[in-house]
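One file, my_file.txt, is given below (compact mmCIF, C-alpha atoms).
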```txt
# COMPACT_ATOMS: atom_id res chain seq x y z
CA MET A 20 24.29 3.90 -14.47
CA ARG A 21 26.18 6.65 -12.70
CA VAL A 22 27.82 5.32 -9.54
CA GLY A 23 29.45 7.64 -7.02
CA ILE A 24 32.15 6.35 -4.73
CA LEU A 25 32.32 7.95 -1.30
CA GLY A 26 35.59 6.72 0.10
CA SER A 27 38.04 5.65 -2.59
CA GLY A 28 40.25 3.49 -0.39
CA LEU A 29 40.94 -0.23 -0.46
CA ILE A 30 37.37 -1.35 -1.09
CA GLY A 31 35.91 1.75 -2.71
CA GLY A 32 38.82 2.06 -5.12
CA LYS A 33 38.53 -1.54 -6.23
CA LEU A 34 34.74 -1.64 -6.48
CA GLY A 35 34.67 1.65 -8.38
CA THR A 36 37.26 0.31 -10.82
CA ILE A 37 35.19 -2.82 -11.36
CA PHE A 38 31.96 -0.84 -11.79
CA ALA A 39 33.69 1.27 -14.46
CA ARG A 40 35.00 -1.82 -16.24
CA ALA A 41 31.50 -3.29 -16.10
CA GLY A 42 30.26 -0.29 -18.06
CA HIS A 43 29.05 2.16 -15.42
CA GLU A 44 29.96 5.81 -15.23
CA VAL A 45 31.98 6.14 -12.01
CA VAL A 46 32.93 9.17 -9.95
CA PHE A 47 35.64 8.59 -7.34
CA SER A 48 35.63 10.86 -4.32
CA TYR A 49 36.94 11.20 -0.80
CA ALA A 50 40.48 9.81 -0.69
CA ARG A 51 43.66 11.02 0.99
CA SER A 52 44.55 13.13 -2.02
CA GLU A 53 43.04 14.49 -5.18
CA GLN A 54 45.94 12.81 -6.96
CA LYS A 55 44.83 9.38 -5.77
CA LEU A 56 41.35 9.96 -7.17
CA LYS A 57 42.80 10.94 -10.53
CA VAL A 58 45.05 7.88 -10.67
CA LEU A 59 42.11 5.63 -9.80
CA ALA A 60 39.97 7.23 -12.50
CA ARG A 61 42.73 6.94 -15.09
CA ASP A 62 43.54 3.32 -14.22
CA ALA A 63 39.90 2.25 -14.19
CA LYS A 64 39.98 2.54 -18.00
CA GLY A 65 36.28 3.14 -18.33
CA GLN A 66 34.06 6.16 -17.93
CA ALA A 67 35.59 7.18 -14.60
CA ARG A 68 36.61 10.51 -13.17
CA ALA A 69 37.54 12.20 -9.92
CA GLY A 70 34.84 14.25 -8.21
CA THR A 71 33.54 15.50 -4.91
CA PRO A 72 31.03 14.04 -2.45
CA ARG A 73 28.71 16.94 -3.24
CA GLU A 74 28.73 16.22 -6.98
CA ILE A 75 27.99 12.59 -6.23
CA ALA A 76 25.05 13.48 -4.02
CA GLN A 77 23.64 15.56 -6.86
CA GLU A 78 24.33 13.35 -9.87
CA ALA A 79 24.74 9.68 -8.95
CA ASP A 80 22.09 7.00 -9.45
CA ALA A 81 23.77 4.92 -6.78
CA VAL A 82 26.29 5.86 -4.12
CA LEU A 83 28.82 3.41 -2.71
CA LEU A 84 29.74 4.33 0.86
CA ALA A 85 33.13 2.82 1.61
CA VAL A 86 34.71 5.04 4.24
CA HIS A 87 36.08 4.00 7.61
CA TRP A 88 33.38 4.21 10.26
CA SER A 89 35.19 7.11 11.95
CA ARG A 90 34.72 9.14 8.75
CA ILE A 91 30.98 8.68 8.28
CA GLU A 92 29.95 11.96 9.82
CA ASP A 93 32.58 13.92 7.92
CA VAL A 94 31.72 12.40 4.55
CA LEU A 95 27.99 12.91 5.08
CA ASN A 96 28.64 16.56 5.91
CA GLN A 97 30.45 16.87 2.61
CA THR A 98 27.77 15.21 0.50
CA GLY A 99 24.87 17.37 1.58
CA ASP A 100 21.34 16.12 0.92
CA LEU A 101 21.04 12.42 0.03
CA SER A 102 17.24 12.25 0.00
CA GLY A 103 15.95 9.52 -2.27
CA LYS A 104 19.43 8.29 -3.13
CA VAL A 105 20.35 4.63 -3.17
CA ILE A 106 23.23 4.23 -0.72
CA VAL A 107 25.10 0.96 -0.96
CA THR A 108 27.15 0.75 2.20
CA CYS A 109 30.04 -1.58 2.86
CA SER A 110 31.26 0.46 5.82
CA LEU A 111 31.62 -1.71 8.91
CA PRO A 112 31.28 -0.02 12.31
CA MET A 113 34.85 -0.76 13.40
CA ASN A 114 36.76 1.04 16.13
CA ASP A 115 39.82 3.11 15.27
CA ASP A 116 42.13 0.11 15.73
CA ASN A 117 39.97 -2.04 13.44
CA THR A 118 39.86 -4.69 16.15
CA GLU A 119 36.25 -4.53 17.35
CA LEU A 120 32.80 -3.53 16.19
CA VAL A 121 31.51 -0.44 17.97
CA VAL A 122 27.91 -1.20 16.99
CA ALA A 123 26.41 -4.71 16.99
CA HIS A 124 23.73 -6.97 18.49
CA THR A 125 20.99 -4.37 18.96
CA SER A 126 21.93 -2.40 15.87
CA SER A 127 24.42 -2.34 13.00
CA GLY A 128 26.47 0.15 11.06
CA ALA A 129 23.92 0.02 8.27
CA GLU A 130 21.00 0.73 10.61
CA GLU A 131 22.84 3.60 12.30
CA LEU A 132 23.67 5.02 8.88
CA ALA A 133 20.02 4.81 7.85
CA LYS A 134 19.10 6.81 10.94
CA MET A 135 21.60 9.52 9.94
CA ILE A 136 20.16 9.80 6.42
CA PRO A 137 16.52 8.74 6.91
CA LYS A 138 15.39 9.82 3.46
CA ALA A 139 18.06 7.81 1.65
CA ARG A 140 17.53 4.19 0.65
CA VAL A 141 20.26 2.16 2.32
CA VAL A 142 21.41 -1.30 1.25
CA ALA A 143 24.21 -3.09 3.10
CA THR A 144 26.51 -5.37 1.12
CA PHE A 145 30.13 -5.97 0.04
CA ASN A 146 30.95 -5.89 3.76
CA THR A 147 31.77 -9.54 4.46
CA VAL A 148 34.62 -10.21 2.01
CA PRO A 149 38.19 -8.90 1.90
CA SER A 150 38.98 -6.28 -0.74
CA GLU A 151 41.72 -8.57 -2.04
CA VAL A 152 39.20 -11.01 -3.51
CA LEU A 153 37.25 -8.49 -5.59
CA PHE A 154 39.33 -8.40 -8.78
CA GLY A 155 39.61 -12.19 -8.73
CA VAL A 156 35.84 -12.55 -8.48
CA TYR A 157 35.38 -10.07 -11.33
CA GLU A 158 37.90 -11.85 -13.54
CA ALA A 159 36.21 -15.21 -12.89
CA LYS A 160 32.68 -13.91 -13.33
CA ARG A 161 31.89 -15.89 -16.44
CA LYS A 162 32.30 -19.10 -14.51
CA ALA A 163 29.16 -21.08 -13.75
CA SER A 164 29.48 -21.04 -9.99
CA ARG A 165 29.86 -17.61 -8.46
CA PRO A 166 30.61 -16.81 -4.83
CA SER A 167 27.70 -15.42 -2.81
CA GLN A 168 27.30 -11.90 -1.54
CA VAL A 169 24.60 -11.21 1.02
CA TYR A 170 22.72 -7.92 0.90
CA CYS A 171 19.95 -6.47 2.97
CA GLY A 172 17.78 -3.38 2.98
CA ASP A 173 14.26 -2.05 3.42
CA ASP A 174 13.67 -0.51 -0.04
CA GLN A 175 12.91 -3.08 -2.70
CA ARG A 176 13.95 -1.04 -5.73
CA ALA A 177 17.19 0.01 -4.05
CA LYS A 178 17.87 -3.65 -3.31
CA GLU A 179 17.32 -4.59 -6.94
CA LEU A 180 19.76 -1.92 -8.03
CA ALA A 181 22.32 -3.15 -5.47
CA ALA A 182 21.79 -6.75 -6.61
CA GLY A 183 22.65 -5.62 -10.14
CA LEU A 184 25.91 -4.10 -8.93
CA ILE A 185 26.69 -7.27 -6.97
CA ARG A 186 26.16 -9.28 -10.15
CA ASP A 187 28.35 -6.86 -12.12
CA VAL A 188 31.23 -7.57 -9.75
CA GLY A 189 30.79 -11.31 -10.26
CA PHE A 190 29.00 -12.40 -7.12
CA ASN A 191 25.67 -14.13 -6.83
CA PRO A 192 23.48 -11.73 -4.80
CA VAL A 193 21.77 -13.39 -1.82
CA ASP A 194 18.87 -11.42 -0.32
CA ALA A 195 19.22 -11.70 3.46
CA GLY A 196 16.11 -9.62 4.19
CA PRO A 197 15.52 -6.22 5.80
CA LEU A 198 18.24 -3.80 6.85
CA ARG A 199 18.15 -4.98 10.45
CA ILE A 200 19.71 -8.27 9.33
CA ALA A 201 22.93 -6.28 8.95
CA ARG A 202 23.39 -6.63 12.71
CA TYR A 203 23.85 -10.36 12.11
CA THR A 204 25.89 -10.20 8.89
CA GLU A 205 28.34 -7.40 9.79
CA PRO A 206 29.95 -9.39 12.66
CA PHE A 207 30.71 -12.21 10.23
CA ALA A 208 33.23 -9.91 8.54
CA LEU A 209 35.58 -10.37 11.51
CA PRO A 210 36.10 -14.16 11.28
CA VAL A 211 36.26 -13.80 7.51
CA ALA A 212 39.03 -11.22 7.96
CA GLN A 213 40.73 -13.53 10.46
CA LEU A 214 40.71 -16.36 7.93
CA ALA A 215 41.82 -14.06 5.14
CA TYR A 216 44.67 -12.29 6.90
CA GLU A 217 45.79 -14.81 9.52
CA GLY A 218 44.89 -18.10 7.84
CA LYS A 219 46.94 -20.19 5.47
CA GLY A 220 44.79 -19.65 2.41
CA GLY A 221 45.50 -15.96 1.96
CA PRO A 222 43.22 -12.97 1.56
CA GLU A 223 41.52 -13.89 -1.71
CA LEU A 224 38.64 -15.37 0.23
CA ALA A 225 34.96 -15.49 -0.67
CA TYR A 226 32.11 -17.66 0.50
CA ARG A 227 29.29 -19.40 -1.24
CA PHE A 228 25.94 -20.59 0.03
CA GLU A 229 25.04 -24.01 -1.25
CA TRP A 230 21.64 -25.57 -1.23
CA LEU A 231 21.86 -29.34 -1.19
CA ARG A 232 19.15 -31.13 -3.06
CA LYS A 233 18.69 -34.85 -2.79
CA MET B 24 35.37 -42.41 20.43
CA ARG B 25 32.54 -42.16 22.92
CA VAL B 26 30.38 -39.14 22.19
CA GLY B 27 27.68 -38.03 24.60
CA ILE B 28 24.74 -35.99 23.33
CA LEU B 29 23.29 -33.48 25.78
CA GLY B 30 20.06 -32.41 24.14
CA SER B 31 18.75 -34.94 21.66
CA GLY B 32 16.50 -32.60 19.72
CA LEU B 33 16.63 -31.46 16.11
CA ILE B 34 20.36 -30.93 15.92
CA GLY B 35 21.56 -33.23 18.69
CA GLY B 36 19.46 -36.12 17.41
CA LYS B 37 20.78 -35.77 13.88
CA LEU B 38 24.43 -35.20 14.80
CA GLY B 39 24.36 -38.11 17.25
CA THR B 40 22.90 -40.36 14.56
CA ILE B 41 25.61 -39.30 12.12
CA PHE B 42 28.37 -39.76 14.72
CA ALA B 43 27.07 -43.32 15.34
CA ARG B 44 26.98 -44.07 11.62
CA ALA B 45 30.52 -42.71 11.33
CA GLY B 46 31.63 -45.36 13.84
CA HIS B 47 31.52 -43.58 17.18
CA GLU B 48 29.87 -44.90 20.32
CA VAL B 49 27.00 -42.52 21.01
CA VAL B 50 24.92 -41.92 24.12
CA PHE B 51 21.76 -39.87 23.60
CA SER B 52 20.45 -37.94 26.59
CA TYR B 53 18.16 -35.10 27.56
CA ALA B 54 15.09 -35.19 25.33
CA ARG B 55 11.40 -34.70 26.02
CA SER B 56 10.98 -38.38 26.78
CA GLU B 57 13.02 -41.48 27.51
CA GLN B 58 11.13 -43.06 24.64
CA LYS B 59 12.53 -40.53 22.18
CA LEU B 60 16.08 -41.33 23.28
CA LYS B 61 15.46 -45.04 22.75
CA VAL B 62 14.02 -44.49 19.28
CA LEU B 63 16.98 -42.31 18.34
CA ALA B 64 19.43 -44.92 19.59
CA ARG B 65 17.64 -47.73 17.75
CA ASP B 66 17.35 -45.80 14.49
CA ALA B 67 20.98 -44.66 14.56
CA LYS B 68 21.92 -48.24 13.65
CA GLY B 69 25.36 -48.00 15.15
CA GLN B 70 26.73 -48.30 18.66
CA ALA B 71 24.14 -45.98 20.16
CA ARG B 72 22.12 -46.07 23.34
CA ALA B 73 19.98 -43.91 25.58
CA GLY B 74 21.60 -42.56 28.72
CA THR B 75 21.65 -39.73 31.22
CA PRO B 76 23.61 -36.48 31.35
CA ARG B 77 25.42 -37.79 34.40
CA GLU B 78 26.61 -40.94 32.62
CA ILE B 79 27.82 -38.80 29.75
CA ALA B 80 29.79 -36.55 32.07
CA GLN B 81 31.50 -39.61 33.50
CA GLU B 82 32.14 -41.67 30.38
CA ALA B 83 32.23 -39.58 27.21
CA ASP B 84 35.40 -38.54 25.38
CA ALA B 85 33.48 -35.67 23.81
CA VAL B 86 30.18 -34.10 24.74
CA LEU B 87 27.90 -32.42 22.21
CA LEU B 88 25.84 -29.69 23.87
CA ALA B 89 22.75 -29.12 21.75
CA VAL B 90 20.07 -27.85 24.11
CA HIS B 91 18.05 -24.68 23.77
CA TRP B 92 19.79 -21.80 25.53
CA SER B 93 17.05 -21.66 28.17
CA ARG B 94 17.99 -25.22 29.19
CA ILE B 95 21.71 -24.74 29.69
CA GLU B 96 21.57 -24.34 33.43
CA ASP B 97 19.26 -27.29 33.88
CA VAL B 98 21.31 -29.64 31.75
CA LEU B 99 24.56 -28.60 33.44
CA ASN B 100 22.98 -29.29 36.81
CA GLN B 101 22.15 -32.78 35.60
CA THR B 102 25.61 -33.56 34.23
CA GLY B 103 27.59 -32.78 37.34
CA ASP B 104 31.33 -32.24 37.00
CA LEU B 105 32.61 -31.67 33.46
CA SER B 106 36.23 -30.88 34.39
CA GLY B 107 38.62 -31.70 31.57
CA LYS B 108 35.85 -32.71 29.19
CA VAL B 109 35.74 -31.60 25.60
CA ILE B 110 32.42 -29.80 25.15
CA VAL B 111 31.39 -29.22 21.57
CA THR B 112 28.60 -26.66 21.74
CA CYS B 113 26.17 -25.78 18.99
CA SER B 114 23.78 -24.08 21.40
CA LEU B 115 23.01 -20.54 20.25
CA PRO B 116 22.02 -17.99 22.91
CA MET B 117 18.50 -17.43 21.54
CA ASN B 118 15.59 -15.96 23.45
CA ASP B 119 12.54 -18.11 24.21
CA ASP B 120 10.84 -17.08 20.95
CA ASN B 121 13.94 -17.95 18.93
CA THR B 122 13.82 -14.51 17.35
CA GLU B 123 16.84 -12.76 18.87
CA LEU B 124 20.18 -13.50 20.43
CA VAL B 125 20.28 -12.73 24.14
CA VAL B 126 24.09 -12.64 24.18
CA ALA B 127 26.19 -11.07 21.42
CA HIS B 128 28.74 -8.37 20.56
CA THR B 129 30.65 -8.31 23.83
CA SER B 130 30.25 -12.03 24.45
CA SER B 131 28.73 -15.17 22.95
CA GLY B 132 26.85 -18.24 24.04
CA ALA B 133 30.06 -20.24 23.80
CA GLU B 134 32.00 -17.78 25.98
CA GLU B 135 29.21 -17.64 28.57
CA LEU B 136 29.12 -21.43 28.61
CA ALA B 137 32.88 -21.57 29.15
CA LYS B 138 32.45 -19.29 32.18
CA MET B 139 29.85 -21.68 33.62
CA ILE B 140 32.17 -24.71 33.24
CA PRO B 141 35.64 -23.16 33.45
CA LYS B 142 37.46 -26.48 33.73
CA ALA B 143 35.86 -27.91 30.59
CA ARG B 144 37.38 -27.40 27.14
CA VAL B 145 34.76 -25.70 25.02
CA VAL B 146 34.68 -25.65 21.23
CA ALA B 147 31.89 -23.87 19.35
CA THR B 148 30.75 -25.29 16.02
CA PHE B 149 27.78 -26.78 14.12
CA ASN B 150 25.94 -23.59 15.08
CA THR B 151 25.70 -21.79 11.74
CA VAL B 152 23.86 -24.33 9.58
CA PRO B 153 20.26 -25.62 9.73
CA SER B 154 19.75 -29.13 11.09
CA GLU B 155 18.01 -30.04 7.83
CA VAL B 156 21.27 -29.99 5.89
CA LEU B 157 23.18 -32.41 8.12
CA PHE B 158 22.11 -35.76 6.65
CA GLY B 159 22.60 -34.39 3.14
CA VAL B 160 26.13 -33.30 3.94
CA TYR B 161 26.88 -36.70 5.48
CA GLU B 162 25.51 -38.57 2.49
CA ALA B 163 27.56 -36.43 0.10
CA LYS B 164 30.74 -36.60 2.14
CA ARG B 165 32.78 -38.56 -0.35
CA LYS B 166 32.48 -35.73 -2.83
CA ALA B 167 35.59 -33.68 -3.50
CA SER B 168 34.22 -30.32 -2.43
CA ARG B 169 32.77 -30.26 1.04
CA PRO B 170 30.86 -27.39 2.65
CA SER B 171 32.74 -25.47 5.33
CA GLN B 172 32.05 -25.52 9.05
CA VAL B 173 33.72 -22.90 11.20
CA TYR B 174 34.85 -23.83 14.69
CA CYS B 175 36.60 -21.91 17.44
CA GLY B 176 37.99 -22.60 20.88
CA ASP B 177 40.90 -21.98 23.22
CA ASP B 178 42.13 -25.57 23.75
CA GLN B 179 44.12 -26.90 20.83
CA ARG B 180 43.59 -30.60 21.50
CA ALA B 181 39.87 -30.10 22.02
CA LYS B 182 39.75 -28.24 18.72
CA GLU B 183 41.50 -31.09 16.93
CA LEU B 184 38.97 -33.54 18.33
CA ALA B 185 36.10 -31.27 17.26
CA ALA B 186 37.63 -30.90 13.80
CA GLY B 187 37.59 -34.69 13.52
CA LEU B 188 33.88 -34.79 14.34
CA ILE B 189 33.23 -32.01 11.81
CA ARG B 190 35.04 -34.08 9.18
CA ASP B 191 33.05 -37.17 10.18
CA VAL B 192 29.83 -35.33 9.41
CA GLY B 193 31.13 -34.36 5.98
CA PHE B 194 32.15 -30.75 6.43
CA ASN B 195 35.54 -29.20 5.89
CA PRO B 196 36.53 -27.78 9.31
CA VAL B 197 37.62 -24.13 9.17
CA ASP B 198 39.51 -22.91 12.24
CA ALA B 199 38.17 -19.43 13.03
CA GLY B 200 40.45 -18.90 16.03
CA PRO B 201 39.90 -18.54 19.78
CA LEU B 202 36.57 -19.01 21.53
CA ARG B 203 35.86 -15.28 21.55
CA ILE B 204 35.38 -15.43 17.78
CA ALA B 205 32.05 -17.13 18.57
CA ARG B 206 30.64 -13.66 19.24
CA TYR B 207 31.12 -12.96 15.53
CA THR B 208 30.09 -16.35 14.15
CA GLU B 209 26.98 -17.03 16.26
CA PRO B 210 25.07 -14.03 14.84
CA PHE B 211 25.59 -15.36 11.33
CA ALA B 212 23.23 -18.23 12.21
CA LEU B 213 20.30 -15.82 12.00
CA PRO B 214 20.63 -14.76 8.35
CA VAL B 215 21.46 -18.37 7.49
CA ALA B 216 18.23 -19.42 9.19
CA GLN B 217 16.39 -16.65 7.36
CA LEU B 218 17.68 -17.93 4.02
CA ALA B 219 16.98 -21.52 4.96
CA TYR B 220 13.46 -21.11 6.29
CA GLU B 221 12.16 -18.03 4.47
CA GLY B 222 14.13 -18.22 1.22
CA LYS B 223 13.28 -20.03 -1.98
CA GLY B 224 16.07 -22.59 -1.79
CA GLY B 225 14.79 -24.49 1.22
CA PRO B 226 16.46 -25.46 4.49
CA GLU B 227 19.16 -27.77 3.13
CA LEU B 228 21.61 -24.90 3.19
CA ALA B 229 25.34 -24.93 3.86
CA TYR B 230 28.13 -22.52 3.05
CA ARG B 231 31.61 -22.92 1.73
CA PHE B 232 34.63 -20.67 1.97
CA GLU B 233 36.52 -20.42 -1.27
CA TRP B 234 40.02 -19.17 -1.73
CA LEU B 235 40.54 -17.81 -5.22
CA ARG B 236 43.98 -18.27 -6.63
CA LYS B 237 45.08 -16.52 -9.75
```
Re-express the file's structure as structure tokens.
Amino acid sequence: MRVGILGSGLIGGKLGTIFARAGHEVVFSYARSEQKLKVLARDAKGQARAGTPREIAQEADAVLLAVHWSRIEDVLNQTGDLSGKVIVTCSLPMNDDNTELVVAHTSSGAEELAKMIPKARVVATFNTVPSEVLFGVYEAKRKASRPSQVYCGDDQRAKELAAGLIRDVGFNPVDAGPLRIARYTEPFALPVAQLAYEGKGGPELAYRFEWLRK
Amino acid sequence: MRVGILGSGLIGGKLGTIFARAGHEVVFSYARSEQKLKVLARDAKGQARAGTPREIAQEADAVLLAVHWSRIEDVLNQTGDLSGKVIVTCSLPMNDDNTELVVAHTSSGAEELAKMIPKARVVATFNTVPSEVLFGVYEAKRKASRPSQVYCGDDQRAKELAAGLIRDVGFNPVDAGPLRIARYTEPFALPVAQLAYEGKGGPELAYRFEWLRK
């Protein structure tokens, strides 16, 4: 599968690298410098290259949106038409200080994004764990018990594609329902970040749902 | 410890029963009928009895608040003064249909509660898992790997007491920080409920944070 990365920062850079190692063709775009994209592509050691948001909009089977919330409008202007595209968003609607959500309760970043690109097929995921845990999850992915990763969306085929990517990273995909559920899952990223960055256990933090059976 | 239960319904009834079995003195109050309180107290098979909110306010070392959000005002009117009391709240600010949160984003049920009883010491917990999982967690509590239970609050000693109760039930208490973090943890109860009641795995659902170490 050809996966385009819009926003090759902390999360986008790592997820793109993992997607490439898992066998996908990856195009990194939208970082501080062209040089950073090239280094990412080289270090990914798979079929990865640097590209532009516009190329991604034209060629990718799935697009990972991993920009800071303040950059959404700019990156969408650069992509052009995203009609029909599967957009996997991990972009949380944080303020510029990264201290508070600017959208919550009655909507979510994912829902607002879907309104901006109504013909795209948006799935929200990878937004409740710190970027620091991603390589560790990928390296441990052959283990029997994988951490969970919730995802939600309104397009069933887009969700299946996203679930495949979640599995490729090493998580167990947990379908949390329609896109509007993002308004309840996105806030959870803040206590997770608190535990990861302020807690004693460090940032390599994931979570797992467990069903008890008697 | 003497634990008073305000709201002996699905969650309050089960947690009170578990607290009694774990060796605490439990007073059940505020259910649909006096008869229900007596049955709960009898079936708890520990030091448990039926009582009134007012008795609990006077005698309890810790108070579990487990009423529906629409009942908060009524139950607080019945308790009288709660100054200095440790209030462990699992009451989510749900609407009457239990479909949406009525408080979120800029506040939480726990923060609103703390404003109503400013001299009490409020800790929010037990609000992100279905009641159906509680007995299972208690029965499995000798196992090495316990599910997590986040808690938050502004009073350190109250939090320590709450953490003890969380451990008594069989969870691993995870300190998520000050009470305002409840605005980010309470919403998570909705996708958890969705998974528990609409998903394939059934309602005996808990979650566990996992720190990966290389």
(request) Would you give me, as a PyMOL selection string, the residues of chain B that come within 6 Å of chain A, using only C-alpha atoms? (result) chain B and resi 127-128+199+207-208+210-211+214+227-235
Can you write just those residues out, C-alpha atoms, as a PDB file, in the frame of the given file?
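File again.pdb, as written:
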```
ATOM      1  CA  ALA B 127      26.190 -11.070  21.420  1.00  0.00           C
ATOM      2  CA  HIS B 128      28.740  -8.370  20.560  1.00  0.00           C
ATOM      3  CA  ALA B 199      38.170 -19.430  13.030  1.00  0.00           C
ATOM      4  CA  TYR B 207      31.120 -12.960  15.530  1.00  0.00           C
ATOM      5  CA  THR B 208      30.090 -16.350  14.150  1.00  0.00           C
ATOM      6  CA  PRO B 210      25.070 -14.030  14.840  1.00  0.00           C
ATOM      7  CA  PHE B 211      25.590 -15.360  11.330  1.00  0.00           C
ATOM      8  CA  PRO B 214      20.630 -14.760   8.350  1.00  0.00           C
ATOM      9  CA  GLU B 227      19.160 -27.770   3.130  1.00  0.00           C
ATOM     10  CA  LEU B 228      21.610 -24.900   3.190  1.00  0.00           C
ATOM     11  CA  ALA B 229      25.340 -24.930   3.860  1.00  0.00           C
ATOM     12  CA  TYR B 230      28.130 -22.520   3.050  1.00  0.00           C
ATOM     13  CA  ARG B 231      31.610 -22.920   1.730  1.00  0.00           C
ATOM     14  CA  PHE B 232      34.630 -20.670   1.970  1.00  0.00           C
ATOM     15  CA  GLU B 233      36.520 -20.420  -1.270  1.00  0.00           C
ATOM     16  CA  TRP B 234      40.020 -19.170  -1.730  1.00  0.00           C
ATOM     17  CA  LEU B 235      40.540 -17.810  -5.220  1.00  0.00           C
TER      18      LEU B 235
END
```
Where does region 155-190 of chain A meet region 95-113 of chain A within 10 Å, residue by residue, with the nearest atom pair and distance in Å to one decimal for each, counting only C-alpha atoms, listed by chain and rising number, as JSON lines?
```
{"residue": "A:Tyr170", "atom": "CA", "partner": "A:Val107", "partner_atom": "CA", "distance": 9.4}
{"residue": "A:Cys171", "atom": "CA", "partner": "A:Val107", "partner_atom": "CA", "distance": 9.9}
{"residue": "A:Gly172", "atom": "CA", "partner": "A:Val107", "partner_atom": "CA", "distance": 9.4}
{"residue": "A:Asp174", "atom": "CA", "partner": "A:Val105", "partner_atom": "CA", "distance": 9.0}
{"residue": "A:Arg176", "atom": "CA", "partner": "A:Val105", "partner_atom": "CA", "distance": 8.9}
{"residue": "A:Ala177", "atom": "CA", "partner": "A:Val105", "partner_atom": "CA", "distance": 5.7}
{"residue": "A:Lys178", "atom": "CA", "partner": "A:Val105", "partner_atom": "CA", "distance": 8.6}
{"residue": "A:Leu180", "atom": "CA", "partner": "A:Val105", "partner_atom": "CA", "distance": 8.2}
{"residue": "A:Ala181", "atom": "CA", "partner": "A:Val107", "partner_atom": "CA", "distance": 6.7}
{"residue": "A:Leu184", "atom": "CA", "partner": "A:Val107", "partner_atom": "CA", "distance": 9.5}
```
(request) Pick out the residues sitting within 10 Å of Tyr161 (chain B), and hand them over as a ChimeraX atom specification; count all atoms listed in the file, and ignore anything fewer than 5 positions along from it in its own chain. (result) /B:38,41-42,44-45,156,169,190-194
(message) Measuring between only C-alpha atoms, which one of A:Glu131, A:Ala139, A:Gln77, A:Ala50 shows the shortest distance to Gly31 (chain A)?
(response)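 Closest residue, counting only C-alpha atoms: A:Ala50.
CA of Met20 (chain A) sits 18.4 Å away from CA of Ala85 (chain A).
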